$ cat target.txt   # compact mmCIF, N, CA and C atoms
# COMPACT_ATOMS: atom_id res chain seq x y z
N MET A 165 17.75 21.38 5.78
CA MET A 165 18.96 20.97 5.09
C MET A 165 20.01 20.48 6.08
N ASN A 166 19.98 21.01 7.30
CA ASN A 166 20.96 20.58 8.30
C ASN A 166 20.82 19.10 8.63
N TYR A 167 19.59 18.61 8.68
CA TYR A 167 19.40 17.19 8.96
C TYR A 167 20.05 16.33 7.88
N TYR A 168 19.92 16.75 6.64
CA TYR A 168 20.50 16.00 5.53
C TYR A 168 22.03 16.00 5.64
N LEU A 169 22.60 17.17 5.85
CA LEU A 169 24.05 17.27 5.93
C LEU A 169 24.62 16.57 7.17
N ASP A 170 23.89 16.62 8.28
CA ASP A 170 24.34 15.91 9.49
C ASP A 170 24.43 14.41 9.25
N VAL A 171 23.47 13.87 8.52
CA VAL A 171 23.49 12.43 8.21
C VAL A 171 24.68 12.12 7.31
N ILE A 172 24.93 12.96 6.33
CA ILE A 172 26.06 12.73 5.42
C ILE A 172 27.38 12.79 6.18
N LYS A 173 27.49 13.72 7.13
CA LYS A 173 28.72 13.84 7.92
C LYS A 173 28.96 12.62 8.80
N ARG A 174 27.89 12.00 9.28
CA ARG A 174 28.00 10.81 10.14
C ARG A 174 27.81 9.54 9.33
N TYR A 175 28.41 9.47 8.16
CA TYR A 175 28.09 8.43 7.18
C TYR A 175 28.42 7.01 7.61
N VAL A 176 29.32 6.80 8.54
CA VAL A 176 29.60 5.43 8.98
C VAL A 176 29.34 5.28 10.48
N ASP A 177 28.51 6.12 11.02
CA ASP A 177 28.20 6.07 12.45
C ASP A 177 26.95 5.20 12.65
N PHE A 178 27.17 4.01 13.17
CA PHE A 178 26.07 3.08 13.41
C PHE A 178 25.72 3.01 14.89
N ALA A 179 26.36 3.83 15.71
CA ALA A 179 26.11 3.82 17.15
C ALA A 179 25.21 5.00 17.52
N GLY A 180 24.49 4.84 18.59
CA GLY A 180 23.64 5.91 19.07
C GLY A 180 22.22 5.80 18.56
N ARG A 181 21.52 6.91 18.65
CA ARG A 181 20.11 6.94 18.30
C ARG A 181 19.82 8.11 17.38
N ALA A 182 18.77 7.98 16.57
CA ALA A 182 18.35 9.05 15.66
C ALA A 182 16.85 9.28 15.84
N ARG A 183 16.48 10.54 15.92
CA ARG A 183 15.07 10.90 16.06
C ARG A 183 14.31 10.63 14.78
N ARG A 184 12.99 10.53 14.92
CA ARG A 184 12.13 10.38 13.74
C ARG A 184 12.32 11.56 12.80
N GLN A 185 12.39 12.75 13.37
CA GLN A 185 12.53 13.95 12.54
C GLN A 185 13.80 13.90 11.69
N GLU A 186 14.90 13.45 12.28
CA GLU A 186 16.14 13.34 11.53
C GLU A 186 15.99 12.36 10.37
N TYR A 187 15.37 11.23 10.63
CA TYR A 187 15.18 10.21 9.59
C TYR A 187 14.30 10.73 8.46
N TRP A 188 13.13 11.26 8.82
CA TRP A 188 12.18 11.66 7.79
C TRP A 188 12.61 12.91 7.04
N MET A 189 13.37 13.80 7.67
CA MET A 189 13.90 14.96 6.94
C MET A 189 14.93 14.51 5.91
N PHE A 190 15.74 13.51 6.26
CA PHE A 190 16.69 12.95 5.30
C PHE A 190 15.95 12.34 4.11
N VAL A 191 14.91 11.58 4.40
CA VAL A 191 14.11 10.98 3.33
C VAL A 191 13.46 12.08 2.48
N LEU A 192 12.95 13.10 3.14
CA LEU A 192 12.29 14.20 2.43
C LEU A 192 13.25 14.92 1.49
N TRP A 193 14.49 15.10 1.89
CA TRP A 193 15.48 15.74 1.01
C TRP A 193 15.91 14.81 -0.11
N ASN A 194 15.92 13.51 0.13
CA ASN A 194 16.32 12.56 -0.91
C ASN A 194 15.36 12.54 -2.08
N ILE A 195 14.08 12.70 -1.84
CA ILE A 195 13.08 12.60 -2.90
C ILE A 195 13.31 13.62 -4.02
N PRO A 196 13.42 14.92 -3.71
CA PRO A 196 13.65 15.86 -4.82
C PRO A 196 15.02 15.68 -5.48
N ILE A 197 16.02 15.27 -4.71
CA ILE A 197 17.34 15.04 -5.30
C ILE A 197 17.26 13.92 -6.33
N VAL A 198 16.58 12.84 -5.99
CA VAL A 198 16.44 11.71 -6.92
C VAL A 198 15.63 12.13 -8.14
N ILE A 199 14.59 12.91 -7.96
CA ILE A 199 13.78 13.37 -9.09
C ILE A 199 14.62 14.23 -10.04
N VAL A 200 15.38 15.17 -9.48
CA VAL A 200 16.22 16.04 -10.31
C VAL A 200 17.28 15.22 -11.05
N LEU A 201 17.90 14.27 -10.35
CA LEU A 201 18.92 13.45 -11.00
C LEU A 201 18.33 12.56 -12.10
N THR A 202 17.12 12.08 -11.89
CA THR A 202 16.46 11.26 -12.91
C THR A 202 16.15 12.10 -14.15
N VAL A 203 15.65 13.30 -13.94
CA VAL A 203 15.37 14.19 -15.07
C VAL A 203 16.67 14.52 -15.80
N LEU A 204 17.72 14.84 -15.04
CA LEU A 204 19.02 15.13 -15.66
C LEU A 204 19.54 13.93 -16.45
N ASP A 205 19.38 12.75 -15.89
CA ASP A 205 19.80 11.53 -16.59
C ASP A 205 19.10 11.39 -17.93
N PHE A 206 17.80 11.64 -17.96
CA PHE A 206 17.07 11.53 -19.22
C PHE A 206 17.46 12.62 -20.20
N VAL A 207 17.66 13.85 -19.70
CA VAL A 207 18.04 14.96 -20.57
C VAL A 207 19.42 14.70 -21.18
N LEU A 208 20.35 14.21 -20.37
CA LEU A 208 21.70 13.97 -20.84
C LEU A 208 21.85 12.64 -21.59
N GLY A 209 20.82 11.82 -21.51
CA GLY A 209 20.86 10.51 -22.16
C GLY A 209 21.76 9.51 -21.45
N THR A 210 21.94 9.71 -20.16
CA THR A 210 22.83 8.83 -19.38
C THR A 210 22.07 7.94 -18.41
N TYR A 211 20.75 7.90 -18.53
CA TYR A 211 19.95 7.13 -17.55
C TYR A 211 20.48 5.71 -17.44
N PRO A 212 20.69 5.19 -16.27
CA PRO A 212 20.53 5.63 -14.89
C PRO A 212 21.84 5.94 -14.18
N VAL A 213 22.83 6.45 -14.90
CA VAL A 213 24.18 6.64 -14.34
C VAL A 213 24.18 7.57 -13.13
N LEU A 214 23.62 8.77 -13.26
CA LEU A 214 23.63 9.72 -12.14
C LEU A 214 22.86 9.18 -10.94
N GLY A 215 21.76 8.52 -11.20
CA GLY A 215 20.97 7.94 -10.11
C GLY A 215 21.75 6.87 -9.35
N TRP A 216 22.47 6.03 -10.07
CA TRP A 216 23.27 5.00 -9.40
C TRP A 216 24.43 5.59 -8.62
N ILE A 217 25.06 6.62 -9.16
CA ILE A 217 26.15 7.27 -8.44
C ILE A 217 25.64 7.86 -7.14
N TYR A 218 24.49 8.55 -7.21
CA TYR A 218 23.92 9.13 -6.00
C TYR A 218 23.51 8.04 -5.01
N THR A 219 22.90 6.98 -5.49
CA THR A 219 22.48 5.89 -4.61
C THR A 219 23.68 5.29 -3.89
N LEU A 220 24.75 5.06 -4.60
CA LEU A 220 25.96 4.53 -3.97
C LEU A 220 26.56 5.53 -2.98
N ALA A 221 26.47 6.82 -3.29
CA ALA A 221 27.03 7.85 -2.41
C ALA A 221 26.28 7.93 -1.09
N VAL A 222 24.97 7.72 -1.10
CA VAL A 222 24.19 7.85 0.14
C VAL A 222 23.84 6.50 0.77
N LEU A 223 24.38 5.41 0.23
CA LEU A 223 24.07 4.08 0.76
C LEU A 223 24.50 3.94 2.22
N LEU A 224 25.76 4.18 2.52
CA LEU A 224 26.22 4.05 3.91
C LEU A 224 25.59 5.07 4.85
N PRO A 225 25.47 6.36 4.46
CA PRO A 225 24.79 7.29 5.37
C PRO A 225 23.35 6.89 5.68
N SER A 226 22.61 6.44 4.67
CA SER A 226 21.21 6.07 4.93
C SER A 226 21.12 4.78 5.73
N LEU A 227 22.03 3.86 5.52
CA LEU A 227 22.05 2.64 6.32
C LEU A 227 22.39 2.96 7.78
N GLY A 228 23.38 3.82 7.98
CA GLY A 228 23.73 4.23 9.35
C GLY A 228 22.57 4.93 10.04
N LEU A 229 21.89 5.81 9.31
CA LEU A 229 20.74 6.52 9.87
C LEU A 229 19.62 5.54 10.22
N SER A 230 19.37 4.58 9.35
CA SER A 230 18.32 3.59 9.61
C SER A 230 18.65 2.76 10.86
N VAL A 231 19.89 2.37 11.01
CA VAL A 231 20.29 1.60 12.19
C VAL A 231 20.13 2.45 13.45
N ARG A 232 20.55 3.72 13.39
CA ARG A 232 20.38 4.60 14.57
C ARG A 232 18.91 4.82 14.87
N ARG A 233 18.07 4.89 13.82
CA ARG A 233 16.62 5.05 14.04
C ARG A 233 16.05 3.81 14.72
N LEU A 234 16.49 2.63 14.30
CA LEU A 234 16.05 1.40 14.95
C LEU A 234 16.52 1.35 16.40
N HIS A 235 17.72 1.84 16.67
CA HIS A 235 18.21 1.91 18.04
C HIS A 235 17.30 2.79 18.90
N ASP A 236 16.78 3.86 18.32
CA ASP A 236 15.90 4.75 19.07
C ASP A 236 14.62 4.05 19.50
N THR A 237 14.18 3.07 18.70
CA THR A 237 12.97 2.34 19.06
C THR A 237 13.28 1.13 19.95
N GLY A 238 14.57 0.97 20.30
CA GLY A 238 14.96 -0.13 21.18
C GLY A 238 15.29 -1.42 20.45
N LYS A 239 15.38 -1.36 19.12
CA LYS A 239 15.66 -2.55 18.32
C LYS A 239 17.12 -2.54 17.88
N SER A 240 17.65 -3.72 17.63
CA SER A 240 19.00 -3.85 17.10
C SER A 240 19.01 -3.43 15.63
N GLY A 241 20.16 -3.01 15.15
CA GLY A 241 20.29 -2.64 13.75
C GLY A 241 20.05 -3.81 12.81
N TRP A 242 20.21 -5.02 13.32
CA TRP A 242 19.97 -6.21 12.50
C TRP A 242 18.52 -6.32 12.08
N TRP A 243 17.62 -5.62 12.75
CA TRP A 243 16.21 -5.62 12.36
C TRP A 243 16.03 -5.05 10.95
N TYR A 244 17.00 -4.30 10.47
CA TYR A 244 16.90 -3.74 9.13
C TYR A 244 16.80 -4.83 8.07
N LEU A 245 17.34 -6.00 8.37
CA LEU A 245 17.28 -7.11 7.43
C LEU A 245 15.85 -7.57 7.15
N VAL A 246 14.92 -7.20 8.03
CA VAL A 246 13.51 -7.52 7.81
C VAL A 246 13.03 -6.90 6.50
N SER A 247 13.63 -5.78 6.11
CA SER A 247 13.19 -5.09 4.89
C SER A 247 13.40 -5.93 3.63
N PHE A 248 14.21 -6.97 3.71
CA PHE A 248 14.45 -7.82 2.54
C PHE A 248 13.37 -8.89 2.35
N ILE A 249 12.45 -9.00 3.30
CA ILE A 249 11.32 -9.92 3.13
C ILE A 249 10.37 -9.26 2.13
N PRO A 250 10.03 -9.94 1.06
CA PRO A 250 9.18 -9.31 0.03
C PRO A 250 7.86 -8.78 0.59
N PHE A 251 7.48 -7.61 0.16
CA PHE A 251 6.26 -6.88 0.47
C PHE A 251 6.09 -6.57 1.95
N VAL A 252 6.02 -7.58 2.80
CA VAL A 252 5.76 -7.36 4.22
C VAL A 252 6.94 -6.67 4.90
N GLY A 253 8.15 -6.96 4.46
CA GLY A 253 9.35 -6.43 5.10
C GLY A 253 9.44 -4.92 5.06
N TRP A 254 9.23 -4.33 3.90
CA TRP A 254 9.35 -2.88 3.82
C TRP A 254 8.22 -2.18 4.56
N ILE A 255 7.06 -2.83 4.65
CA ILE A 255 5.96 -2.24 5.43
C ILE A 255 6.33 -2.23 6.91
N TRP A 256 6.92 -3.34 7.38
CA TRP A 256 7.30 -3.42 8.79
C TRP A 256 8.40 -2.41 9.11
N ILE A 257 9.37 -2.25 8.23
CA ILE A 257 10.43 -1.25 8.45
C ILE A 257 9.83 0.15 8.45
N LEU A 258 8.88 0.41 7.57
CA LEU A 258 8.22 1.71 7.54
C LEU A 258 7.52 2.00 8.87
N VAL A 259 6.87 0.98 9.43
CA VAL A 259 6.21 1.13 10.73
C VAL A 259 7.24 1.40 11.81
N LEU A 260 8.34 0.66 11.80
CA LEU A 260 9.39 0.87 12.81
C LEU A 260 10.00 2.26 12.71
N MET A 261 10.20 2.75 11.50
CA MET A 261 10.79 4.08 11.32
C MET A 261 9.84 5.19 11.76
N ALA A 262 8.54 4.91 11.73
CA ALA A 262 7.55 5.91 12.13
C ALA A 262 7.18 5.81 13.61
N THR A 263 7.68 4.78 14.29
CA THR A 263 7.35 4.56 15.69
C THR A 263 8.11 5.53 16.58
N GLU A 264 7.45 6.03 17.60
CA GLU A 264 8.09 6.92 18.58
C GLU A 264 9.23 6.18 19.28
N GLY A 265 10.32 6.89 19.51
CA GLY A 265 11.46 6.31 20.21
C GLY A 265 11.17 6.13 21.69
N HIS A 266 11.98 5.31 22.33
CA HIS A 266 11.82 5.10 23.77
C HIS A 266 12.20 6.37 24.53
N PRO A 267 11.35 6.77 25.48
CA PRO A 267 11.71 7.93 26.29
C PRO A 267 12.87 7.57 27.22
N GLY A 268 13.71 8.53 27.49
CA GLY A 268 14.85 8.29 28.36
C GLY A 268 15.92 7.46 27.67
N ALA A 269 16.87 7.03 28.45
CA ALA A 269 17.99 6.25 27.91
C ALA A 269 17.57 4.81 27.67
N ASN A 270 18.18 4.19 26.67
CA ASN A 270 18.02 2.76 26.47
C ASN A 270 19.41 2.18 26.26
N GLY A 271 19.52 0.96 25.84
CA GLY A 271 20.82 0.31 25.69
C GLY A 271 21.70 0.93 24.61
N TYR A 272 21.16 1.84 23.83
CA TYR A 272 21.91 2.44 22.72
C TYR A 272 22.27 3.90 22.98
N GLY A 273 21.91 4.43 24.13
CA GLY A 273 22.29 5.80 24.46
C GLY A 273 21.14 6.63 24.99
N GLN A 274 21.43 7.91 25.18
CA GLN A 274 20.43 8.84 25.68
C GLN A 274 19.40 9.14 24.59
N ASN A 275 18.24 9.56 25.03
CA ASN A 275 17.18 9.97 24.10
C ASN A 275 17.66 11.22 23.36
N PRO A 276 17.68 11.22 22.03
CA PRO A 276 18.16 12.39 21.29
C PRO A 276 17.30 13.64 21.52
N LYS A 277 16.04 13.46 21.88
CA LYS A 277 15.19 14.62 22.17
C LYS A 277 15.69 15.34 23.41
N GLU A 278 16.14 14.58 24.39
CA GLU A 278 16.64 15.19 25.62
C GLU A 278 17.99 15.84 25.43
N ILE A 279 18.79 15.31 24.53
CA ILE A 279 20.12 15.86 24.30
C ILE A 279 20.03 17.22 23.63
N ARG A 280 19.14 17.37 22.64
CA ARG A 280 19.01 18.62 21.89
C ARG A 280 18.21 19.68 22.65
N ALA A 281 17.43 19.25 23.60
CA ALA A 281 16.55 20.21 24.31
C ALA A 281 17.33 21.06 25.26
$ encode --input "target.txt" --output "structure tokens"
Amino acid sequence: MNYYLDVIKRYVDFAGRARRQEYWMFVLWNIPIVIVLTVLDFVLGTYPVLGWIYTLAVLLPSLGLSVRRLHDTGKSGWWYLVSFIPFVGWIWILVLMATEGHPGANGYGQNPKEIRA
């Protein structure tokens, strides 16, 4: 849960680097939240209001996290725009998000694994 809350706290931080674990733990927490909100939306008859509110609430934090994750792999945050290419784009972003970060410092800062260790 700390990974999720840390991302929310750094909601407009596009500088630095983010570990794979930080990214995937945020994604992992988002899945059950979206499922619960979707069920609530259907039960309350408000579909898709709660889902859209949540999506808008986590848009900037998830974008910031994605940019920091790309920085960890040595790529610019502008690489995120690749995800808008139909079909191939989201697969390429998925590969980039799963790729191991550069060891040591790169142009975007120190390796987050070394900082926490």
$ atom_distance --input "target.txt" --atom1 "CA of Tyr175 in chain A" --atom2 "atom N of Thr210 in chain A"
28.1 Å
$ residues_around --input "target.txt" --residues "range 261-265 of chain A" --least-positions-apart "4" --cutoff "7 Å" --atoms "all atoms listed in the file" --output "short mmCIF file (atom, residue, chain, number, x, y, z; two decimals) with N, CA and C atoms, in the frame of the given file"
data_model
loop_
_atom_site.label_atom_id
_atom_site.label_comp_id
_atom_site.auth_asym_id
_atom_site.auth_seq_id
_atom_site.Cartn_x
_atom_site.Cartn_y
_atom_site.Cartn_z
N ARG A 184 12.99 10.53 14.92
CA ARG A 184 12.13 10.38 13.74
C ARG A 184 12.32 11.56 12.80
N ARG A 233 18.07 4.89 13.82
CA ARG A 233 16.62 5.05 14.04
C ARG A 233 16.05 3.81 14.72
N LEU A 234 16.49 2.63 14.30
CA LEU A 234 16.05 1.40 14.95
C LEU A 234 16.52 1.35 16.40
N HIS A 235 17.72 1.84 16.67
CA HIS A 235 18.21 1.91 18.04
C HIS A 235 17.30 2.79 18.90
N ASP A 236 16.78 3.86 18.32
CA ASP A 236 15.90 4.75 19.07
C ASP A 236 14.62 4.05 19.50
N THR A 237 14.18 3.07 18.70
CA THR A 237 12.97 2.34 19.06
C THR A 237 13.28 1.13 19.95
N GLY A 238 14.57 0.97 20.30
CA GLY A 238 14.96 -0.13 21.18
C GLY A 238 15.29 -1.42 20.45
N TRP A 256 6.92 -3.34 7.38
CA TRP A 256 7.30 -3.42 8.79
C TRP A 256 8.40 -2.41 9.11
N ILE A 257 9.37 -2.25 8.23
CA ILE A 257 10.43 -1.25 8.45
C ILE A 257 9.83 0.15 8.45
#
$ residues_around --input "target.txt" --residues "Pro276 in chain A" --least-positions-apart "4" --cutoff "8 Å" --atoms "only N, CA and C atoms" --output "list in words"
Gly180, Arg181, Ala182, Arg183, Asp236, His266, Pro267, Gly268, Ala269, Arg280 and Ala281 of chain A
$ closest_residue --input "target.txt" --among "A:Ser230, A:Thr202, A:Val213, A:Pro225" --to "Trp188 in chain A" --atoms "only C-alpha atoms"
A:Ser230
$ atom_distance --input "target.txt" --atom1 "CA of Thr219 in chain A" --atom2 "atom N of Leu201 in chain A"
11.1 Å
$ select_by_dssp --input "target.txt" --residues "chain A" --states "helix (DSSP H, G or I)" --output "PyMOL selection string"
chain A and resi 166-173+184-208+213-236+241-248+252-262+276-280
$ atom_distance --input "target.txt" --atom1 "atom C of Tyr244 in chain A" --atom2 "CA of Phe190 in chain A"
18.0 Å
$ residues_around --input "target.txt" --residues "Val246 in chain A" --least-positions-apart "5" --cutoff "8 Å" --atoms "all atoms listed in the file" --output "PyMOL selection string"
chain A and resi 241+252-257
$ axis_aligned_box --input "target.txt" --around "range 174-185 of chain A" --padding-each-side "4 Å" --output "AutoDock Vina command-line options"
--center_x 20.9 --center_y 8.5 --center_z 13.1 --size_x 25.5 --size_y 18.9 --size_z 19.9
$ residues_around --input "target.txt" --residues "Leu214 in chain A" --least-positions-apart "6" --cutoff "10 Å" --atoms "only C-alpha atoms" --output "ChimeraX atom specification"
/A:198,200-206,208,220
$ closest_residue --input "target.txt" --among "A:Val222, A:Ile199, A:Tyr167, A:Pro212" --to "Gln185 in chain A" --atoms "only N, CA and C atoms"
A:Tyr167
$ closest_residue --input "target.txt" --among "A:Val191, A:Ile172, A:Met165, A:Ala179" --to "Val231 in chain A" --atoms "all atoms listed in the file"
A:Ala179
$ build_atoms --input "target.txt" --residues "range 175-186 of chain A" --atoms "N, CA, C and O atoms" --output "PDB file, keeping the file's coordinate frame"
ATOM      1  N   TYR A 175      28.410   9.470   8.160  1.00  0.00           N
ATOM      2  CA  TYR A 175      28.090   8.430   7.180  1.00  0.00           C
ATOM      3  C   TYR A 175      28.420   7.010   7.610  1.00  0.00           C
ATOM      4  O   TYR A 175      27.849   6.076   7.083  1.00  0.00           O
ATOM      5  N   VAL A 176      29.320   6.800   8.540  1.00  0.00           N
ATOM      6  CA  VAL A 176      29.600   5.430   8.980  1.00  0.00           C
ATOM      7  C   VAL A 176      29.340   5.280  10.480  1.00  0.00           C
ATOM      8  O   VAL A 176      29.888   4.390  11.115  1.00  0.00           O
ATOM      9  N   ASP A 177      28.510   6.120  11.020  1.00  0.00           N
ATOM     10  CA  ASP A 177      28.200   6.070  12.450  1.00  0.00           C
ATOM     11  C   ASP A 177      26.950   5.200  12.650  1.00  0.00           C
ATOM     12  O   ASP A 177      25.840   5.613  12.328  1.00  0.00           O
ATOM     13  N   PHE A 178      27.170   4.010  13.170  1.00  0.00           N
ATOM     14  CA  PHE A 178      26.070   3.080  13.410  1.00  0.00           C
ATOM     15  C   PHE A 178      25.720   3.010  14.890  1.00  0.00           C
ATOM     16  O   PHE A 178      24.875   2.224  15.281  1.00  0.00           O
ATOM     17  N   ALA A 179      26.360   3.830  15.710  1.00  0.00           N
ATOM     18  CA  ALA A 179      26.110   3.820  17.150  1.00  0.00           C
ATOM     19  C   ALA A 179      25.210   5.000  17.520  1.00  0.00           C
ATOM     20  O   ALA A 179      25.181   6.014  16.842  1.00  0.00           O
ATOM     21  N   GLY A 180      24.490   4.840  18.590  1.00  0.00           N
ATOM     22  CA  GLY A 180      23.640   5.910  19.070  1.00  0.00           C
ATOM     23  C   GLY A 180      22.220   5.800  18.560  1.00  0.00           C
ATOM     24  O   GLY A 180      21.790   4.741  18.098  1.00  0.00           O
ATOM     25  N   ARG A 181      21.520   6.910  18.650  1.00  0.00           N
ATOM     26  CA  ARG A 181      20.110   6.940  18.300  1.00  0.00           C
ATOM     27  C   ARG A 181      19.820   8.110  17.380  1.00  0.00           C
ATOM     28  O   ARG A 181      20.521   9.110  17.404  1.00  0.00           O
ATOM     29  N   ALA A 182      18.770   7.980  16.570  1.00  0.00           N
ATOM     30  CA  ALA A 182      18.350   9.050  15.660  1.00  0.00           C
ATOM     31  C   ALA A 182      16.850   9.280  15.840  1.00  0.00           C
ATOM     32  O   ALA A 182      16.069   8.337  15.891  1.00  0.00           O
ATOM     33  N   ARG A 183      16.480  10.540  15.920  1.00  0.00           N
ATOM     34  CA  ARG A 183      15.070  10.900  16.060  1.00  0.00           C
ATOM     35  C   ARG A 183      14.310  10.630  14.780  1.00  0.00           C
ATOM     36  O   ARG A 183      14.873  10.540  13.697  1.00  0.00           O
ATOM     37  N   ARG A 184      12.990  10.530  14.920  1.00  0.00           N
ATOM     38  CA  ARG A 184      12.130  10.380  13.740  1.00  0.00           C
ATOM     39  C   ARG A 184      12.320  11.560  12.800  1.00  0.00           C
ATOM     40  O   ARG A 184      12.380  11.390  11.585  1.00  0.00           O
ATOM     41  N   GLN A 185      12.390  12.750  13.370  1.00  0.00           N
ATOM     42  CA  GLN A 185      12.530  13.950  12.540  1.00  0.00           C
ATOM     43  C   GLN A 185      13.800  13.900  11.690  1.00  0.00           C
ATOM     44  O   GLN A 185      13.774  14.230  10.503  1.00  0.00           O
ATOM     45  N   GLU A 186      14.900  13.450  12.280  1.00  0.00           N
ATOM     46  CA  GLU A 186      16.140  13.340  11.530  1.00  0.00           C
ATOM     47  C   GLU A 186      15.990  12.360  10.370  1.00  0.00           C
ATOM     48  O   GLU A 186      16.409  12.644   9.246  1.00  0.00           O
TER      49      GLU A 186
END
